[in-house]
file structure.txt (compact mmCIF, C-alpha atoms and all ligand atoms)
# COMPACT_ATOMS: atom_id res chain seq x y z
CA MET A 1 108.27 -18.18 -52.34
CA GLU A 2 106.22 -15.32 -53.66
CA ILE A 3 104.95 -12.53 -51.41
CA ILE A 4 101.49 -11.41 -52.45
CA ARG A 5 99.79 -8.31 -51.09
CA LYS A 6 96.77 -7.97 -53.36
CA VAL A 7 93.65 -10.15 -53.34
CA ASP A 8 93.32 -10.15 -57.15
CA GLU A 9 96.90 -11.32 -57.57
CA LEU A 10 96.34 -14.07 -55.01
CA LYS A 11 93.21 -15.24 -56.83
CA ASN A 12 95.08 -15.31 -60.17
CA ARG A 13 97.86 -17.47 -58.71
CA ILE A 14 95.38 -19.89 -57.18
CA THR A 15 93.45 -20.12 -60.47
CA GLU A 16 96.71 -20.93 -62.31
CA GLN A 17 97.58 -23.65 -59.79
CA ARG A 18 94.10 -25.13 -59.86
CA ALA A 19 94.19 -25.23 -63.67
CA GLN A 20 97.14 -27.60 -63.29
CA GLY A 21 95.14 -29.81 -60.95
CA ARG A 22 97.04 -28.83 -57.80
CA THR A 23 95.57 -28.97 -54.30
CA VAL A 24 95.90 -25.98 -51.99
CA GLY A 25 96.46 -25.85 -48.22
CA LEU A 26 96.03 -22.64 -46.21
CA VAL A 27 97.65 -21.77 -42.88
CA PRO A 28 96.06 -18.55 -41.57
CA THR A 29 98.33 -16.65 -39.12
CA MET A 30 98.73 -13.27 -37.52
CA GLY A 31 102.51 -13.44 -37.98
CA ALA A 32 105.16 -13.39 -35.23
CA LEU A 33 105.78 -16.91 -36.40
CA HIS A 34 107.22 -19.62 -34.16
CA ALA A 35 107.76 -23.37 -34.33
CA GLY A 36 104.04 -23.95 -33.66
CA HIS A 37 103.16 -22.23 -36.94
CA ILE A 38 105.95 -24.10 -38.74
CA SER A 39 104.43 -27.41 -37.59
CA LEU A 40 101.12 -26.39 -39.23
CA ILE A 41 103.00 -25.48 -42.42
CA ASP A 42 104.85 -28.82 -42.41
CA LYS A 43 101.53 -30.64 -42.15
CA ALA A 44 100.04 -28.50 -44.92
CA ARG A 45 103.01 -29.23 -47.17
CA ALA A 46 102.68 -32.96 -46.57
CA ASP A 47 98.96 -32.91 -47.45
CA ASN A 48 98.82 -30.46 -50.39
CA ASP A 49 100.64 -29.51 -53.60
CA ILE A 50 100.63 -25.78 -52.82
CA VAL A 51 100.80 -24.02 -49.46
CA VAL A 52 99.54 -20.50 -48.82
CA VAL A 53 100.27 -18.79 -45.50
CA SER A 54 98.41 -15.61 -44.67
CA VAL A 55 100.06 -13.11 -42.33
CA PHE A 56 97.49 -10.57 -41.19
CA VAL A 57 96.89 -9.03 -37.77
CA ASN A 58 93.12 -8.91 -38.02
CA PRO A 59 91.79 -5.80 -36.25
CA THR A 60 88.18 -7.01 -36.05
CA GLN A 61 89.02 -9.82 -33.63
CA PHE A 62 90.70 -7.59 -31.05
CA ASN A 63 88.31 -6.30 -28.44
CA ASN A 64 91.17 -4.60 -26.62
CA PRO A 65 92.82 -1.76 -28.65
CA GLU A 66 95.98 -1.98 -26.51
CA ASP A 67 96.33 -5.69 -27.36
CA LEU A 68 96.00 -4.83 -31.08
CA ARG A 69 98.54 -2.01 -30.77
CA THR A 70 101.14 -4.14 -28.96
CA TYR A 71 100.61 -7.36 -30.96
CA PRO A 72 104.08 -8.32 -32.28
CA ARG A 73 104.66 -7.47 -35.95
CA THR A 74 107.80 -9.09 -37.40
CA GLU A 75 107.24 -9.28 -41.18
CA GLU A 76 110.86 -9.59 -42.26
CA ALA A 77 111.67 -12.42 -39.84
CA ASP A 78 108.33 -14.08 -40.72
CA CYS A 79 109.15 -14.06 -44.44
CA GLU A 80 112.53 -15.67 -43.81
CA LYS A 81 110.87 -18.44 -41.79
CA LEU A 82 108.20 -18.98 -44.45
CA GLN A 83 110.85 -19.21 -47.15
CA VAL A 84 112.82 -21.81 -45.18
CA ALA A 85 109.62 -23.74 -44.45
CA GLY A 86 108.98 -24.14 -48.19
CA VAL A 87 105.83 -22.04 -48.45
CA ASP A 88 104.68 -21.24 -52.00
CA TYR A 89 102.75 -18.01 -51.35
CA ALA A 90 102.91 -15.65 -48.39
CA PHE A 91 99.75 -13.55 -48.49
CA ILE A 92 100.47 -10.33 -46.55
CA PRO A 93 97.68 -7.83 -47.26
CA THR A 94 97.01 -4.43 -45.69
CA VAL A 95 93.92 -3.80 -43.57
CA GLU A 96 92.45 -1.74 -46.47
CA GLU A 97 92.95 -4.63 -48.88
CA ILE A 98 91.01 -7.04 -46.65
CA TYR A 99 88.42 -4.55 -45.41
CA PRO A 100 87.85 -1.98 -48.20
CA GLU A 101 84.66 -1.28 -46.30
CA THR A 102 83.62 -2.08 -42.74
CA ASP A 103 82.68 -5.71 -42.32
CA THR A 104 79.24 -5.58 -40.70
CA ARG A 105 78.53 -9.30 -40.92
CA VAL A 106 77.28 -10.88 -37.70
CA PHE A 107 77.61 -14.66 -37.61
CA ASN A 108 75.15 -16.81 -35.72
CA LEU A 109 77.90 -18.85 -34.10
CA GLY A 110 75.67 -20.20 -31.33
CA PRO A 111 76.67 -21.82 -28.01
CA VAL A 112 80.24 -22.81 -29.03
CA ALA A 113 81.09 -19.12 -29.21
CA GLU A 114 79.23 -17.96 -26.11
CA VAL A 115 81.41 -19.47 -23.36
CA MET A 116 85.04 -18.95 -22.25
CA GLU A 117 86.80 -16.73 -24.86
CA GLY A 118 83.42 -15.75 -26.24
CA ALA A 119 82.23 -14.56 -22.82
CA MET A 120 85.53 -12.85 -21.92
CA ARG A 121 86.21 -11.20 -25.28
CA PRO A 122 82.91 -9.95 -26.72
CA GLY A 123 83.04 -9.77 -30.53
CA HIS A 124 86.31 -11.70 -30.74
CA PHE A 125 84.89 -14.79 -32.40
CA ASN A 126 82.73 -12.77 -34.77
CA GLY A 127 85.94 -11.05 -35.90
CA VAL A 128 87.67 -14.43 -36.32
CA ALA A 129 84.70 -15.66 -38.40
CA GLN A 130 84.88 -12.51 -40.54
CA ILE A 131 88.55 -12.84 -41.41
CA VAL A 132 88.64 -16.63 -41.76
CA SER A 133 85.57 -16.67 -44.00
CA LYS A 134 87.16 -13.96 -46.17
CA LEU A 135 90.43 -15.90 -46.39
CA PHE A 136 88.56 -19.09 -47.28
CA ARG A 137 86.74 -17.27 -50.11
CA MET A 138 89.96 -15.64 -51.36
CA VAL A 139 92.20 -18.72 -51.27
CA THR A 140 89.54 -21.41 -51.79
CA PRO A 141 91.80 -23.98 -50.09
CA ASP A 142 91.10 -27.71 -49.99
CA ARG A 143 92.30 -27.76 -46.38
CA ALA A 144 93.03 -25.20 -43.66
CA TYR A 145 95.23 -25.78 -40.63
CA PHE A 146 94.72 -24.52 -37.07
CA GLY A 147 96.57 -25.17 -33.81
CA GLU A 148 94.78 -26.78 -30.88
CA LYS A 149 96.14 -24.18 -28.46
CA ASP A 150 93.13 -22.16 -29.59
CA PHE A 151 90.85 -25.12 -29.01
CA GLN A 152 87.60 -23.17 -28.92
CA GLN A 153 88.55 -21.20 -32.03
CA ILE A 154 88.60 -24.42 -34.05
CA ALA A 155 85.06 -25.28 -32.91
CA VAL A 156 83.93 -21.77 -33.88
CA ILE A 157 85.56 -22.02 -37.31
CA ARG A 158 83.89 -25.38 -37.92
CA ARG A 159 80.56 -23.76 -37.06
CA MET A 160 81.26 -20.82 -39.42
CA VAL A 161 82.13 -23.25 -42.24
CA GLU A 162 78.84 -25.08 -41.64
CA LEU A 163 76.85 -21.81 -41.63
CA GLU A 164 78.53 -20.53 -44.80
CA ASN A 165 78.46 -23.91 -46.61
CA ILE A 166 82.16 -23.73 -47.38
CA ASP A 167 83.60 -26.91 -48.86
CA ILE A 168 86.85 -27.32 -46.92
CA ASP A 169 88.57 -29.70 -44.51
CA ILE A 170 89.52 -28.10 -41.21
CA ILE A 171 92.61 -29.83 -39.88
CA ASP A 172 93.42 -29.42 -36.19
CA CYS A 173 97.05 -29.83 -35.19
CA PRO A 174 98.50 -30.58 -31.73
CA ILE A 175 99.90 -27.83 -29.48
CA LYS A 176 103.62 -27.24 -29.89
CA ARG A 177 105.43 -26.65 -26.60
CA GLU A 178 108.77 -25.24 -25.53
CA ASP A 179 111.09 -27.77 -23.86
CA ASP A 180 109.80 -26.68 -20.45
CA GLY A 181 106.17 -27.25 -21.46
CA LEU A 182 105.01 -23.67 -22.14
CA ALA A 183 102.62 -23.65 -25.09
CA MET A 184 104.21 -21.76 -27.98
CA SER A 185 102.52 -18.42 -28.56
CA SER A 186 103.37 -15.16 -30.30
CA ARG A 187 102.59 -13.47 -26.98
CA ASN A 188 105.38 -15.31 -25.10
CA VAL A 189 107.95 -12.73 -26.27
CA ARG A 190 106.14 -10.15 -24.12
CA LEU A 191 106.89 -12.05 -20.89
CA SER A 192 109.67 -10.68 -18.67
CA PRO A 193 112.45 -13.19 -17.85
CA GLU A 194 110.89 -13.73 -14.39
CA GLN A 195 107.40 -14.28 -15.86
CA ARG A 196 108.82 -16.55 -18.55
CA ALA A 197 110.41 -18.70 -15.81
CA ILE A 198 107.06 -19.10 -14.00
CA ALA A 199 104.82 -19.55 -17.07
CA PRO A 200 105.57 -23.29 -17.65
CA ASN A 201 103.65 -23.96 -14.42
CA ILE A 202 100.45 -23.50 -16.41
CA HIS A 203 101.09 -26.67 -18.39
CA ALA A 204 102.69 -28.43 -15.39
CA THR A 205 99.50 -27.81 -13.38
CA LEU A 206 97.20 -28.96 -16.17
CA ASP A 207 99.34 -32.06 -16.54
CA ALA A 208 99.23 -32.78 -12.78
CA SER A 209 95.44 -32.37 -12.90
CA LEU A 210 95.17 -35.48 -15.09
CA ASP A 211 96.25 -37.57 -12.13
CA TYR A 212 94.19 -35.50 -9.66
CA ALA A 213 91.10 -36.02 -11.82
CA THR A 214 91.29 -39.80 -11.48
CA THR A 215 90.12 -39.50 -7.84
CA HIS A 216 88.26 -36.17 -7.84
CA SER A 217 85.14 -34.63 -9.35
CA VAL A 218 85.10 -32.12 -12.23
CA GLU A 219 84.38 -29.29 -9.77
CA GLU A 220 87.23 -30.32 -7.44
CA THR A 221 89.63 -30.64 -10.39
CA LYS A 222 88.70 -27.16 -11.61
CA GLN A 223 89.34 -25.71 -8.19
CA TYR A 224 92.65 -27.56 -7.92
CA VAL A 225 93.88 -26.07 -11.20
CA ILE A 226 92.73 -22.53 -10.35
CA ASP A 227 94.22 -22.58 -6.81
CA THR A 228 97.51 -24.11 -7.92
CA ILE A 229 98.11 -21.68 -10.80
CA ASN A 230 97.07 -18.69 -8.66
CA SER A 231 99.62 -19.70 -6.02
CA PHE A 232 102.50 -18.77 -8.37
CA PRO A 233 103.78 -15.20 -8.52
CA PHE A 234 102.53 -13.02 -11.44
CA MET A 235 99.80 -15.52 -12.36
CA GLU A 236 96.06 -15.04 -12.19
CA VAL A 237 93.58 -17.43 -13.74
CA GLU A 238 90.87 -15.66 -15.73
CA TYR A 239 88.87 -18.87 -16.19
CA TYR A 240 89.33 -22.59 -16.09
CA GLU A 241 86.50 -24.60 -17.64
CA ILE A 242 86.24 -28.30 -18.28
CA VAL A 243 84.10 -28.64 -21.40
CA ASP A 244 82.79 -31.18 -23.87
CA ALA A 245 85.29 -31.10 -26.75
CA SER A 246 82.58 -31.06 -29.41
CA THR A 247 80.09 -28.57 -27.91
CA MET A 248 82.37 -26.42 -25.73
CA GLN A 249 79.72 -26.59 -23.01
CA PRO A 250 80.89 -27.11 -19.39
CA VAL A 251 80.57 -30.69 -18.09
CA SER A 252 79.58 -31.45 -14.51
CA ASP A 253 80.70 -35.06 -14.29
CA TRP A 254 83.39 -37.04 -16.06
CA SER A 255 80.98 -39.46 -17.68
CA GLY A 256 78.95 -36.59 -19.19
CA CYS A 257 80.83 -36.58 -22.51
CA THR A 258 83.16 -38.66 -24.65
CA GLN A 259 86.04 -36.17 -24.52
CA ALA A 260 86.49 -33.58 -21.79
CA VAL A 261 88.94 -30.72 -22.35
CA GLY A 262 90.17 -28.30 -19.72
CA CYS A 263 90.67 -24.80 -21.14
CA VAL A 264 92.53 -22.17 -19.17
CA THR A 265 93.33 -18.50 -19.58
CA VAL A 266 95.94 -17.02 -17.28
CA TYR A 267 97.24 -13.50 -16.92
CA CYS A 268 100.98 -13.71 -16.39
CA GLY A 269 101.52 -10.08 -15.47
CA GLU A 270 99.89 -8.21 -18.36
CA VAL A 271 100.27 -11.07 -20.82
CA ARG A 272 97.22 -13.24 -21.45
CA LEU A 273 98.19 -16.86 -22.04
CA ILE A 274 95.94 -19.77 -22.97
CA ASP A 275 96.40 -23.51 -22.83
CA ASN A 276 94.34 -26.68 -22.60
CA ILE A 277 94.49 -30.37 -21.81
CA LYS A 278 92.43 -33.42 -22.78
CA TYR A 279 91.21 -35.68 -19.96
CA PRO A 280 90.98 -39.38 -20.76
CA SER A 281 87.37 -40.53 -21.00
CA LYS A 282 86.04 -42.48 -18.00
O1 LIG A 301 94.70 -18.00 -34.47
C1 LIG A 301 95.03 -16.96 -35.09
O2 LIG A 301 96.21 -16.63 -35.24
C2 LIG A 301 93.96 -16.06 -35.65
O3 LIG A 301 92.85 -16.06 -34.83
C3 LIG A 301 93.57 -16.42 -37.09
C4 LIG A 301 92.94 -17.78 -37.18
C5 LIG A 301 94.80 -16.34 -37.99
C6 LIG A 301 92.54 -15.41 -37.63
O4 LIG A 301 93.04 -14.11 -37.59

call {"tool": "encode", "arguments": {"input": "structure.txt", "output": "structure tokens"}}
result
Amino acid sequence: MEIIRKVDELKNRITEQRAQGRTVGLVPTMGALHAGHISLIDKARADNDIVVVSVFVNPTQFNNPEDLRTYPRTEEADCEKLQVAGVDYAFIPTVEEIYPETDTRVFNLGPVAEVMEGAMRPGHFNGVAQIVSKLFRMVTPDRAYFGEKDFQQIAVIRRMVELENIDIDIIDCPIKREDDGLAMSSRNVRLSPEQRAIAPNIHATLDASLDYATTHSVEETKQYVIDTINSFPFMEVEYYEIVDASTMQPVSDWSGCTQAVGCVTVYCGEVRLIDNIKYPSK
């Protein structure tokens, strides 16, 4: 595996690979890698000749400076994991390399970006669009891989790709969970042992809501999830929305869309965790 820190060097490597007719898969990450990331890399390796993983904590997508400051940075351990996972190029640039000047682009991301994370974290999705569009231009991958834990993010990236006319396949990959059901996340390491023990109840509650939903309305199911999660110590739901998987707009009855997805954000102490679940269509 080669570690690349400069954009020009990255472009040269990609040009060399392309000249030999090789396909390129990109897994964008912010580091602090866990088995969820490795599952994206495994998929990318299976689908492409060459795999590039970017490791970059993107400042423009953090609307909370404290969250940016405390975001885990574990480059050495990340590089070891990438090496073992069989990655060809680890692209680990500095902030100055990616943003030699302030990125003032404002993307017209529309309704998919206005609800849930978009409403709670103003500017977050614009920052995601900025970095992902830059990475797509730098790496020019055939395919890029994203985890479904950030379900809304994938919809936003698809919209950005459409707006920018980028020729790429966006591949969404299922959520990877710990044995007790907690969705894998770089933020999990910030949970105290007591919070970590309670956190699996997020997924357990979403899972139980599948059954509850068979005999209750969308509104009742939402309330059930919010009340149940809030009943656990340390946990406070920021939002729970049941949305149409393709538009991200809230649904009011189960027959209102082909695929309904419940998206939750929960504060477990200071740590903001997200998860989601797909409801079978009725
Ligand atoms: O999901 C993430 O880790 C980030 O939002 C991404 C896509 C790497 C962009 O910084």

call {"tool": "residues_near_ligand", "arguments": {"input": "structure.txt", "ligand": "ligand LIG 301 (chain A)", "cutoff": "8 Å", "atoms": "all atoms listed in the file", "output": "list of chain:residue names"}}
result
A:Val27, A:Pro28, A:Thr29, A:Met30, A:Gly31, A:Ser54, A:Val55, A:Phe56, A:Val57, A:Asn58, A:Gln61, A:Gly127, A:Val128, A:Ala129, A:Ile131, A:Val132, A:Phe146, A:Gly147, A:Asp150, A:Gln153

call {"tool": "residues_around", "arguments": {"input": "structure.txt", "residues": "Lys278 of chain A", "least_positions_apart": "2", "cutoff": "12 Å", "atoms": "all atoms listed in the file", "output": "PyMOL selection string"}}
result
chain A and resi 148-149+151+174-175+203+206-207+209-210+213+241-245+254+258-264+275-276+280-281

call {"tool": "residues_around", "arguments": {"input": "structure.txt", "residues": "segment 105-122 of chain A", "least_positions_apart": "3", "cutoff": "8 Å", "atoms": "all atoms listed in the file", "output": "ChimeraX atom specification"}}
result
/A:63,125-126,129-130,152,155-156,159-160,163,239,241,247-249

call {"tool": "closest_residue", "arguments": {"input": "structure.txt", "among": "A:Ser252, A:Asp167, A:Val237, A:Pro100", "to": "Arg143 of chain A", "atoms": "all atoms listed in the file"}}
result
A:Asp167

call {"tool": "axis_aligned_box", "arguments": {"input": "structure.txt", "around": "segment 137-144 of chain A", "padding_each_side": "3 Å", "output": "AutoDock Vina command-line options"}}
result
--center_x 89.9 --center_y -21.7 --center_z -47.7 --size_x 12.3 --size_y 18.1 --size_z 14.1

call {"tool": "closest_residue", "arguments": {"input": "structure.txt", "among": "A:Thr15, A:Val139, A:Ala77, A:Asn64", "to": "Val52 of chain A", "atoms": "only C-alpha atoms"}}
result
A:Val139

call {"tool": "closest_residue", "arguments": {"input": "structure.txt", "among": "A:Asn48, A:Ser255, A:Ser186, A:Gln223", "to": "Ile274 of chain A", "atoms": "only C-alpha atoms"}}
result
A:Ser186

call {"tool": "residues_around", "arguments": {"input": "structure.txt", "residues": "Asn201 of chain A", "least_positions_apart": "3", "cutoff": "8 Å", "atoms": "all atoms listed in the file", "output": "list in words"}}
result
Leu182, Ile198, Ala204, Thr205 and Ile229 of chain A

call {"tool": "residues_near_point", "arguments": {"input": "structure.txt", "point": "(104.2, -9.4, -31.2)", "cutoff": "7 Å", "atoms": "only C-alpha atoms", "output": "number ranges by chain"}}
result
A: 32, 70-73, 186-187

call {"tool": "atom_distance", "arguments": {"input": "structure.txt", "atom1": "atom CA of Ala19 of chain A", "atom2": "atom CA of Gly86 of chain A"}}
result
21.4 Å

call {"tool": "build_atoms", "arguments": {"input": "structure.txt", "residues": "segment 142-166 of chain A", "atoms": "N, CA, C and O atoms", "output": "PDB file, in the frame of the given file"}}
result
ATOM      1  N   ASP A 142      91.705 -26.398 -50.247  1.00  0.00           N
ATOM      2  CA  ASP A 142      91.100 -27.710 -49.990  1.00  0.00           C
ATOM      3  C   ASP A 142      91.076 -27.970 -48.482  1.00  0.00           C
ATOM      4  O   ASP A 142      90.162 -28.595 -47.961  1.00  0.00           O
ATOM      5  N   ARG A 143      92.153 -27.513 -47.816  1.00  0.00           N
ATOM      6  CA  ARG A 143      92.300 -27.760 -46.380  1.00  0.00           C
ATOM      7  C   ARG A 143      92.840 -26.498 -45.704  1.00  0.00           C
ATOM      8  O   ARG A 143      93.637 -25.780 -46.321  1.00  0.00           O
ATOM      9  N   ALA A 144      92.439 -26.301 -44.445  1.00  0.00           N
ATOM     10  CA  ALA A 144      93.030 -25.200 -43.660  1.00  0.00           C
ATOM     11  C   ALA A 144      93.447 -25.752 -42.307  1.00  0.00           C
ATOM     12  O   ALA A 144      92.788 -26.641 -41.756  1.00  0.00           O
ATOM     13  N   TYR A 145      94.533 -25.202 -41.781  1.00  0.00           N
ATOM     14  CA  TYR A 145      95.230 -25.780 -40.630  1.00  0.00           C
ATOM     15  C   TYR A 145      95.208 -24.821 -39.444  1.00  0.00           C
ATOM     16  O   TYR A 145      95.558 -23.644 -39.590  1.00  0.00           O
ATOM     17  N   PHE A 146      94.806 -25.349 -38.275  1.00  0.00           N
ATOM     18  CA  PHE A 146      94.720 -24.520 -37.070  1.00  0.00           C
ATOM     19  C   PHE A 146      95.319 -25.284 -35.883  1.00  0.00           C
ATOM     20  O   PHE A 146      95.159 -26.509 -35.789  1.00  0.00           O
ATOM     21  N   GLY A 147      95.947 -24.550 -34.975  1.00  0.00           N
ATOM     22  CA  GLY A 147      96.570 -25.170 -33.810  1.00  0.00           C
ATOM     23  C   GLY A 147      95.570 -25.363 -32.683  1.00  0.00           C
ATOM     24  O   GLY A 147      94.713 -24.501 -32.442  1.00  0.00           O
ATOM     25  N   GLU A 148      95.726 -26.469 -31.970  1.00  0.00           N
ATOM     26  CA  GLU A 148      94.780 -26.780 -30.880  1.00  0.00           C
ATOM     27  C   GLU A 148      94.988 -25.934 -29.633  1.00  0.00           C
ATOM     28  O   GLU A 148      94.215 -26.061 -28.693  1.00  0.00           O
ATOM     29  N   LYS A 149      96.032 -25.083 -29.625  1.00  0.00           N
ATOM     30  CA  LYS A 149      96.140 -24.180 -28.460  1.00  0.00           C
ATOM     31  C   LYS A 149      94.866 -23.348 -28.374  1.00  0.00           C
ATOM     32  O   LYS A 149      94.330 -23.136 -27.304  1.00  0.00           O
ATOM     33  N   ASP A 150      94.391 -22.905 -29.533  1.00  0.00           N
ATOM     34  CA  ASP A 150      93.130 -22.160 -29.590  1.00  0.00           C
ATOM     35  C   ASP A 150      91.999 -23.158 -29.835  1.00  0.00           C
ATOM     36  O   ASP A 150      91.380 -23.164 -30.911  1.00  0.00           O
ATOM     37  N   PHE A 151      91.758 -23.981 -28.836  1.00  0.00           N
ATOM     38  CA  PHE A 151      90.850 -25.120 -29.010  1.00  0.00           C
ATOM     39  C   PHE A 151      89.436 -24.659 -29.379  1.00  0.00           C
ATOM     40  O   PHE A 151      88.802 -25.190 -30.299  1.00  0.00           O
ATOM     41  N   GLN A 152      88.977 -23.646 -28.673  1.00  0.00           N
ATOM     42  CA  GLN A 152      87.600 -23.170 -28.920  1.00  0.00           C
ATOM     43  C   GLN A 152      87.495 -22.516 -30.301  1.00  0.00           C
ATOM     44  O   GLN A 152      86.461 -22.634 -30.968  1.00  0.00           O
ATOM     45  N   GLN A 153      88.552 -21.847 -30.708  1.00  0.00           N
ATOM     46  CA  GLN A 153      88.550 -21.200 -32.030  1.00  0.00           C
ATOM     47  C   GLN A 153      88.259 -22.209 -33.144  1.00  0.00           C
ATOM     48  O   GLN A 153      87.544 -21.918 -34.106  1.00  0.00           O
ATOM     49  N   ILE A 154      88.824 -23.411 -33.000  1.00  0.00           N
ATOM     50  CA  ILE A 154      88.600 -24.420 -34.050  1.00  0.00           C
ATOM     51  C   ILE A 154      87.115 -24.796 -34.103  1.00  0.00           C
ATOM     52  O   ILE A 154      86.534 -24.906 -35.195  1.00  0.00           O
ATOM     53  N   ALA A 155      86.499 -24.943 -32.937  1.00  0.00           N
ATOM     54  CA  ALA A 155      85.060 -25.280 -32.910  1.00  0.00           C
ATOM     55  C   ALA A 155      84.242 -24.162 -33.560  1.00  0.00           C
ATOM     56  O   ALA A 155      83.280 -24.410 -34.303  1.00  0.00           O
ATOM     57  N   VAL A 156      84.644 -22.930 -33.311  1.00  0.00           N
ATOM     58  CA  VAL A 156      83.930 -21.770 -33.880  1.00  0.00           C
ATOM     59  C   VAL A 156      84.105 -21.747 -35.398  1.00  0.00           C
ATOM     60  O   VAL A 156      83.152 -21.485 -36.149  1.00  0.00           O
ATOM     61  N   ILE A 157      85.310 -22.035 -35.854  1.00  0.00           N
ATOM     62  CA  ILE A 157      85.560 -22.020 -37.310  1.00  0.00           C
ATOM     63  C   ILE A 157      84.768 -23.139 -37.990  1.00  0.00           C
ATOM     64  O   ILE A 157      84.187 -22.943 -39.068  1.00  0.00           O
ATOM     65  N   ARG A 158      84.704 -24.295 -37.342  1.00  0.00           N
ATOM     66  CA  ARG A 158      83.890 -25.380 -37.920  1.00  0.00           C
ATOM     67  C   ARG A 158      82.428 -24.951 -38.053  1.00  0.00           C
ATOM     68  O   ARG A 158      81.764 -25.238 -39.036  1.00  0.00           O
ATOM     69  N   ARG A 159      81.951 -24.244 -37.040  1.00  0.00           N
ATOM     70  CA  ARG A 159      80.560 -23.760 -37.060  1.00  0.00           C
ATOM     71  C   ARG A 159      80.369 -22.735 -38.190  1.00  0.00           C
ATOM     72  O   ARG A 159      79.386 -22.764 -38.918  1.00  0.00           O
ATOM     73  N   MET A 160      81.337 -21.828 -38.356  1.00  0.00           N
ATOM     74  CA  MET A 160      81.260 -20.820 -39.420  1.00  0.00           C
ATOM     75  C   MET A 160      81.219 -21.502 -40.790  1.00  0.00           C
ATOM     76  O   MET A 160      80.425 -21.136 -41.667  1.00  0.00           O
ATOM     77  N   VAL A 161      82.058 -22.527 -40.957  1.00  0.00           N
ATOM     78  CA  VAL A 161      82.130 -23.250 -42.240  1.00  0.00           C
ATOM     79  C   VAL A 161      80.780 -23.911 -42.553  1.00  0.00           C
ATOM     80  O   VAL A 161      80.313 -23.897 -43.704  1.00  0.00           O
ATOM     81  N   GLU A 162      80.165 -24.436 -41.492  1.00  0.00           N
ATOM     82  CA  GLU A 162      78.840 -25.080 -41.640  1.00  0.00           C
ATOM     83  C   GLU A 162      77.792 -24.029 -42.044  1.00  0.00           C
ATOM     84  O   GLU A 162      77.046 -24.214 -42.996  1.00  0.00           O
ATOM     85  N   LEU A 163      77.820 -22.887 -41.350  1.00  0.00           N
ATOM     86  CA  LEU A 163      76.850 -21.810 -41.630  1.00  0.00           C
ATOM     87  C   LEU A 163      76.986 -21.284 -43.054  1.00  0.00           C
ATOM     88  O   LEU A 163      76.000 -20.981 -43.723  1.00  0.00           O
ATOM     89  N   GLU A 164      78.240 -21.145 -43.502  1.00  0.00           N
ATOM     90  CA  GLU A 164      78.530 -20.530 -44.800  1.00  0.00           C
ATOM     91  C   GLU A 164      78.589 -21.543 -45.941  1.00  0.00           C
ATOM     92  O   GLU A 164      78.892 -21.176 -47.073  1.00  0.00           O
ATOM     93  N   ASN A 165      78.383 -22.831 -45.606  1.00  0.00           N
ATOM     94  CA  ASN A 165      78.460 -23.910 -46.610  1.00  0.00           C
ATOM     95  C   ASN A 165      79.762 -23.876 -47.400  1.00  0.00           C
ATOM     96  O   ASN A 165      79.752 -23.922 -48.631  1.00  0.00           O
ATOM     97  N   ILE A 166      80.862 -23.761 -46.685  1.00  0.00           N
ATOM     98  CA  ILE A 166      82.160 -23.730 -47.380  1.00  0.00           C
ATOM     99  C   ILE A 166      82.689 -25.161 -47.442  1.00  0.00           C
ATOM    100  O   ILE A 166      82.692 -25.882 -46.450  1.00  0.00           O
TER     101      ILE A 166
END
